[in-house]
>>> print(open('coords.pdb').read())   # PDB, C-alpha atoms
ATOM      1  CA  MET E  23       0.000   0.000   0.000  1.00  0.00           C
ATOM      2  CA  ILE E  24       1.275   3.438  -0.913  1.00  0.00           C
ATOM      3  CA  ILE E  25       0.110   6.519   0.962  1.00  0.00           C
ATOM      4  CA  LYS E  26      -0.420   9.162  -1.686  1.00  0.00           C
ATOM      5  CA  ASN E  27      -1.460  12.057   0.496  1.00  0.00           C
ATOM      6  CA  ALA E  28      -1.188  11.741   4.245  1.00  0.00           C
ATOM      7  CA  ARG E  29      -3.890  13.714   6.063  1.00  0.00           C
ATOM      8  CA  ALA E  30      -5.753  14.565   2.885  1.00  0.00           C
ATOM      9  CA  ALA E  31      -8.826  15.180   5.034  1.00  0.00           C
ATOM     10  CA  LEU E  32     -10.035  14.856   8.577  1.00  0.00           C
ATOM     11  CA  VAL E  33     -13.160  12.776   9.018  1.00  0.00           C
ATOM     12  CA  SER E  34     -15.510  12.673  11.960  1.00  0.00           C
ATOM     13  CA  ASN E  35     -16.620   9.554  13.769  1.00  0.00           C
ATOM     14  CA  TYR E  36     -20.054  10.088  12.194  1.00  0.00           C
ATOM     15  CA  GLU E  37     -18.533   9.939   8.703  1.00  0.00           C
ATOM     16  CA  VAL E  38     -16.571   6.794   9.565  1.00  0.00           C
ATOM     17  CA  LEU E  39     -19.702   5.122  10.958  1.00  0.00           C
ATOM     18  CA  ALA E  40     -21.773   6.101   7.907  1.00  0.00           C
ATOM     19  CA  LEU E  41     -19.110   4.766   5.540  1.00  0.00           C
ATOM     20  CA  LEU E  42     -18.777   1.482   7.432  1.00  0.00           C
ATOM     21  CA  GLU E  43     -22.533   0.947   7.478  1.00  0.00           C
ATOM     22  CA  GLU E  44     -22.744   1.765   3.767  1.00  0.00           C
ATOM     23  CA  ARG E  45     -19.935  -0.675   2.958  1.00  0.00           C
ATOM     24  CA  GLN E  46     -21.500  -3.364   5.118  1.00  0.00           C
ATOM     25  CA  ASP E  47     -24.858  -2.967   3.331  1.00  0.00           C
ATOM     26  CA  TYR E  48     -23.096  -3.085  -0.041  1.00  0.00           C
ATOM     27  CA  GLN E  49     -21.227  -6.249   0.928  1.00  0.00           C
ATOM     28  CA  LYS E  50     -24.461  -7.929   2.079  1.00  0.00           C
ATOM     29  CA  HIS E  51     -26.119  -6.978  -1.218  1.00  0.00           C
ATOM     30  CA  MET E  52     -23.180  -8.351  -3.217  1.00  0.00           C
ATOM     31  CA  VAL E  53     -23.201 -11.645  -1.289  1.00  0.00           C
ATOM     32  CA  LYS E  54     -26.944 -12.021  -1.919  1.00  0.00           C
ATOM     33  CA  ALA E  55     -26.376 -11.404  -5.626  1.00  0.00           C
ATOM     34  CA  ASN E  56     -23.438 -13.815  -5.736  1.00  0.00           C
ATOM     35  CA  PRO E  57     -23.499 -16.438  -2.938  1.00  0.00           C
ATOM     36  CA  ASN E  58     -19.998 -17.622  -3.888  1.00  0.00           C
ATOM     37  CA  LEU E  59     -18.547 -14.213  -3.063  1.00  0.00           C
ATOM     38  CA  GLU E  60     -16.826 -14.065   0.316  1.00  0.00           C
ATOM     39  CA  TYR E  61     -15.275 -11.162   2.148  1.00  0.00           C
ATOM     40  CA  PRO E  62     -12.301 -11.843   4.427  1.00  0.00           C
ATOM     41  CA  GLU E  63     -13.409 -12.738   7.918  1.00  0.00           C
ATOM     42  CA  HIS E  64     -10.896 -10.362   9.525  1.00  0.00           C
ATOM     43  CA  LEU E  65     -12.386  -7.480   7.502  1.00  0.00           C
ATOM     44  CA  ARG E  66     -15.898  -8.351   8.662  1.00  0.00           C
ATOM     45  CA  THR E  67     -14.673  -8.644  12.256  1.00  0.00           C
ATOM     46  CA  ILE E  68     -13.019  -5.229  12.150  1.00  0.00           C
ATOM     47  CA  GLN E  69     -16.116  -3.677  10.590  1.00  0.00           C
ATOM     48  CA  PHE E  70     -18.374  -5.276  13.200  1.00  0.00           C
ATOM     49  CA  GLU E  71     -16.176  -4.228  16.135  1.00  0.00           C
ATOM     50  CA  LEU E  72     -15.792  -0.672  14.869  1.00  0.00           C
ATOM     51  CA  ILE E  73     -19.507  -0.252  14.156  1.00  0.00           C
ATOM     52  CA  SER E  74     -20.273  -1.654  17.622  1.00  0.00           C
ATOM     53  CA  PHE E  75     -17.825   0.749  19.262  1.00  0.00           C
ATOM     54  CA  LEU E  76     -18.997   3.811  17.324  1.00  0.00           C
ATOM     55  CA  GLY E  77     -22.559   2.888  18.254  1.00  0.00           C
ATOM     56  CA  THR E  78     -21.649   3.680  21.868  1.00  0.00           C
ATOM     57  CA  THR E  79     -20.330   7.171  21.041  1.00  0.00           C
ATOM     58  CA  PRO E  80     -22.260  10.398  20.367  1.00  0.00           C
ATOM     59  CA  CYS E  81     -21.845   9.985  16.605  1.00  0.00           C
ATOM     60  CA  HIS E  82     -24.550   7.314  16.340  1.00  0.00           C
ATOM     61  CA  ARG E  83     -27.256   9.983  16.869  1.00  0.00           C
ATOM     62  CA  GLN E  84     -25.751  12.710  14.690  1.00  0.00           C
ATOM     63  CA  ASN E  85     -26.572  13.681  11.124  1.00  0.00           C
ATOM     64  CA  PRO E  86     -24.847  15.886   8.528  1.00  0.00           C
ATOM     65  CA  GLU E  87     -27.346  18.735   8.859  1.00  0.00           C
ATOM     66  CA  ARG E  88     -26.889  19.084  12.621  1.00  0.00           C
ATOM     67  CA  ILE E  89     -23.105  18.856  12.341  1.00  0.00           C
ATOM     68  CA  HIS E  90     -23.044  21.494   9.594  1.00  0.00           C
ATOM     69  CA  SER E  91     -25.326  23.771  11.609  1.00  0.00           C
ATOM     70  CA  LEU E  92     -23.120  23.434  14.689  1.00  0.00           C
ATOM     71  CA  LEU E  93     -19.958  24.193  12.735  1.00  0.00           C
ATOM     72  CA  GLN E  94     -21.545  27.322  11.260  1.00  0.00           C
ATOM     73  CA  LYS E  95     -22.605  28.514  14.707  1.00  0.00           C
ATOM     74  CA  LEU E  96     -19.129  27.831  16.125  1.00  0.00           C
ATOM     75  CA  ALA E  97     -17.429  29.807  13.319  1.00  0.00           C
ATOM     76  CA  PRO E  98     -17.180  33.092  15.301  1.00  0.00           C
ATOM     77  CA  PHE E  99     -15.036  31.304  17.897  1.00  0.00           C
ATOM     78  CA  GLN E 100     -12.296  30.655  15.312  1.00  0.00           C
ATOM     79  CA  LEU E 101     -11.602  27.109  16.450  1.00  0.00           C
ATOM     80  CA  THR E 102      -9.052  25.008  14.609  1.00  0.00           C
ATOM     81  CA  MET E 103     -10.223  22.166  12.402  1.00  0.00           C
ATOM     82  CA  GLY E 104      -8.921  19.678  14.967  1.00  0.00           C
ATOM     83  CA  GLU E 105     -10.819  21.379  17.792  1.00  0.00           C
ATOM     84  CA  LYS E 106     -14.046  21.315  15.773  1.00  0.00           C
ATOM     85  CA  LEU E 107     -13.500  17.644  15.043  1.00  0.00           C
ATOM     86  CA  HIS E 108     -12.970  16.893  18.749  1.00  0.00           C
ATOM     87  CA  ILE E 109     -16.175  18.756  19.596  1.00  0.00           C
ATOM     88  CA  VAL E 110     -18.217  16.845  17.013  1.00  0.00           C
ATOM     89  CA  ASN E 111     -16.710  13.490  18.016  1.00  0.00           C
ATOM     90  CA  HIS E 112     -16.978  13.925  21.790  1.00  0.00           C
ATOM     91  CA  ARG E 113     -20.007  16.242  22.198  1.00  0.00           C
ATOM     92  CA  PRO E 114     -18.669  17.978  25.312  1.00  0.00           C
ATOM     93  CA  ALA E 115     -21.416  18.772  27.803  1.00  0.00           C
ATOM     94  CA  SER E 116     -19.524  20.766  30.443  1.00  0.00           C
ATOM     95  CA  ASP E 117     -16.897  23.455  30.702  1.00  0.00           C
ATOM     96  CA  VAL E 118     -14.385  20.859  31.905  1.00  0.00           C
ATOM     97  CA  ASP E 119     -14.922  18.890  28.697  1.00  0.00           C
ATOM     98  CA  ILE E 120     -14.417  22.027  26.584  1.00  0.00           C
ATOM     99  CA  TYR E 121     -11.211  22.930  28.415  1.00  0.00           C
ATOM    100  CA  LEU E 122      -9.848  19.464  27.665  1.00  0.00           C
ATOM    101  CA  LEU E 123     -10.637  19.686  23.945  1.00  0.00           C
ATOM    102  CA  ILE E 124      -9.643  23.266  23.117  1.00  0.00           C
ATOM    103  CA  GLU E 125      -6.018  24.264  23.330  1.00  0.00           C
ATOM    104  CA  GLU E 126      -5.351  27.238  25.634  1.00  0.00           C
ATOM    105  CA  CYS E 127      -9.088  27.577  26.138  1.00  0.00           C
ATOM    106  CA  GLU E 128      -8.825  29.687  29.296  1.00  0.00           C
ATOM    107  CA  GLU E 129      -6.579  32.175  27.459  1.00  0.00           C
ATOM    108  CA  ARG E 130      -8.661  32.331  24.271  1.00  0.00           C
ATOM    109  CA  PHE E 131     -12.197  32.408  25.668  1.00  0.00           C
ATOM    110  CA  THR E 132     -14.075  33.943  28.569  1.00  0.00           C
ATOM    111  CA  PRO E 133     -16.217  31.730  30.811  1.00  0.00           C
ATOM    112  CA  ASP E 134     -19.304  33.205  29.100  1.00  0.00           C
ATOM    113  CA  GLN E 135     -17.967  32.240  25.671  1.00  0.00           C
ATOM    114  CA  VAL E 136     -17.245  28.714  26.895  1.00  0.00           C
ATOM    115  CA  GLN E 137     -20.808  28.463  28.216  1.00  0.00           C
ATOM    116  CA  GLU E 138     -22.130  29.781  24.893  1.00  0.00           C
ATOM    117  CA  MET E 139     -20.200  27.034  23.077  1.00  0.00           C
ATOM    118  CA  ILE E 140     -21.599  24.386  25.428  1.00  0.00           C
ATOM    119  CA  ASP E 141     -25.140  25.677  24.891  1.00  0.00           C
ATOM    120  CA  LEU E 142     -24.670  25.555  21.104  1.00  0.00           C
ATOM    121  CA  ILE E 143     -23.276  22.024  21.251  1.00  0.00           C
ATOM    122  CA  LEU E 144     -26.059  20.724  23.496  1.00  0.00           C
ATOM    123  CA  HIS E 145     -28.699  22.361  21.311  1.00  0.00           C
ATOM    124  CA  GLU E 146     -27.307  21.229  17.943  1.00  0.00           C
ATOM    125  CA  LEU E 147     -26.012  17.732  18.677  1.00  0.00           C
ATOM    126  CA  PRO E 148     -28.548  15.245  20.056  1.00  0.00           C
ATOM    127  CA  ASP E 149     -27.985  13.626  23.414  1.00  0.00           C
ATOM    128  CA  PRO E 150     -26.524  10.161  22.723  1.00  0.00           C
ATOM    129  CA  GLU E 151     -28.393   8.758  25.731  1.00  0.00           C
ATOM    130  CA  SER E 152     -31.875   9.918  24.683  1.00  0.00           C
ATOM    131  CA  HIS E 153     -34.061   7.690  22.559  1.00  0.00           C
TER     132      HIS E 153
END
>>> encode(input="coords.pdb", output="structure tokens")
Amino acid sequence: MIIKNARAALVSNYEVLALLEERQDYQKHMVKANPNLEYPEHLRTIQFELISFLGTTPCHRQNPERIHSLLQKLAPFQLTMGEKLHIVNHRPASDVDIYLLIEECEERFTPDQVQEMIDLILHELPDPESH
């Protein structure tokens, strides 16, 4: 395998989960169409384990529209791409969580700004525990 462009793009856990589920559905469809077709067991195991794990994270209740809306509303805070990705992946719900995800948070933002970010996150990204 040759890596053509390292870090060509950052992807969120939601995007990884969506891709894995899409690939899994495609593979099931292909096996139904051709029963002799087999996918490597280790590939199926990795897919299953990763889908199971991501199903326990906030990403399993997210959707592209909510993520896009959150990122637009966070734009005035001038967060780095990595910080935005951490926020989407972890859905911080407290100021402690925000301070852990944003570099030099206490120097860059006031407590009111941190609370505003938390309020935006909680409003835009669904609670992973709610059904």
>>> resolve_selection(input="coords.pdb", expression="the PyMOL selection byres ((chain E and resi 64-74) around 9)", output="list of chain:residue names")
E:Val38, E:Leu39, E:Leu42, E:Glu43, E:Gln46, E:Tyr61, E:Pro62, E:Glu63, E:Phe75, E:Leu76, E:Gly77, E:Thr78
>>> write_last_selection(input="coords.pdb", atoms="C-alpha atoms", output="PDB file, in the coordinates of the input")
ATOM      1  CA  VAL E  38     -16.571   6.794   9.565  1.00  0.00           C
ATOM      2  CA  LEU E  39     -19.702   5.122  10.958  1.00  0.00           C
ATOM      3  CA  LEU E  42     -18.777   1.482   7.432  1.00  0.00           C
ATOM      4  CA  GLU E  43     -22.533   0.947   7.478  1.00  0.00           C
ATOM      5  CA  GLN E  46     -21.500  -3.364   5.118  1.00  0.00           C
ATOM      6  CA  TYR E  61     -15.275 -11.162   2.148  1.00  0.00           C
ATOM      7  CA  PRO E  62     -12.301 -11.843   4.427  1.00  0.00           C
ATOM      8  CA  GLU E  63     -13.409 -12.738   7.918  1.00  0.00           C
ATOM      9  CA  PHE E  75     -17.825   0.749  19.262  1.00  0.00           C
ATOM     10  CA  LEU E  76     -18.997   3.811  17.324  1.00  0.00           C
ATOM     11  CA  GLY E  77     -22.559   2.888  18.254  1.00  0.00           C
ATOM     12  CA  THR E  78     -21.649   3.680  21.868  1.00  0.00           C
TER      13      THR E  78
END
>>> residues_near_point(input="coords.pdb", point="(-19.9, 26.8, 12.9)", cutoff="12 Å", atoms="all atoms listed in the file", output="PyMOL selection string")
chain E and resi 87-103+105-107+109-110+139+142-143+146
>>> atom_distance(input="coords.pdb", atom1="CA of Ile120 (chain E)", atom2="CA of Glu138 (chain E)")
11.1 Å
>>> resolve_selection(input="coords.pdb", expression="the PyMOL selection byres ((chain E and resi 32) around 9)", output="number ranges by chain")
E: 29-31, 33-34, 103-104, 107
>>> residues_around(input="coords.pdb", residues="Tyr121 (chain E)", least_positions_apart="6", cutoff="9 Å", atoms="only C-alpha atoms", output="list in words")
Cys127, Glu128 and Val136 of chain E
>>> atom_distance(input="coords.pdb", atom1="CA of Arg113 (chain E)", atom2="CA of Leu147 (chain E)")
7.1 Å
>>> atom_distance(input="coords.pdb", atom1="CA of Asn85 (chain E)", atom2="CA of Ile124 (chain E)")
22.9 Å
>>> closest_residue(input="coords.pdb", among="E:Gln137, E:Asn111, E:Leu123, E:Lys50", to="Gln84 (chain E)", atoms="all atoms listed in the file")
E:Asn111
>>> axis_aligned_box(input="coords.pdb", around="region 27-46 of chain E", padding_each_side="3 Å", output="JSON")
{"center_x": -12.0, "center_y": 5.9, "center_z": 7.1, "size_x": 27.6, "size_y": 24.5, "size_z": 19.3}
>>> closest_residue(input="coords.pdb", among="E:Thr132, E:Tyr36, E:Glu125, E:Ala115", to="Leu144 (chain E)", atoms="only C-alpha atoms")
E:Ala115
>>> decode(input="coords.pdb", residues="region 94-117 of chain E", atoms="C-alpha atoms", output="short mmCIF file (atom, residue, chain, number, x, y, z; two decimals), in the first residue's frame")
data_model
loop_
_atom_site.label_atom_id
_atom_site.label_comp_id
_atom_site.auth_asym_id
_atom_site.auth_seq_id
_atom_site.Cartn_x
_atom_site.Cartn_y
_atom_site.Cartn_z
CA GLN E 94 -21.55 27.32 11.26
CA LYS E 95 -22.60 28.51 14.71
CA LEU E 96 -19.13 27.83 16.13
CA ALA E 97 -17.43 29.81 13.32
CA PRO E 98 -17.18 33.09 15.30
CA PHE E 99 -15.04 31.30 17.90
CA GLN E 100 -12.30 30.66 15.31
CA LEU E 101 -11.60 27.11 16.45
CA THR E 102 -9.05 25.01 14.61
CA MET E 103 -10.22 22.17 12.40
CA GLY E 104 -8.92 19.68 14.97
CA GLU E 105 -10.82 21.38 17.79
CA LYS E 106 -14.05 21.32 15.77
CA LEU E 107 -13.50 17.64 15.04
CA HIS E 108 -12.97 16.89 18.75
CA ILE E 109 -16.18 18.76 19.60
CA VAL E 110 -18.22 16.85 17.01
CA ASN E 111 -16.71 13.49 18.02
CA HIS E 112 -16.98 13.92 21.79
CA ARG E 113 -20.01 16.24 22.20
CA PRO E 114 -18.67 17.98 25.31
CA ALA E 115 -21.42 18.77 27.80
CA SER E 116 -19.52 20.77 30.44
CA ASP E 117 -16.90 23.45 30.70
#
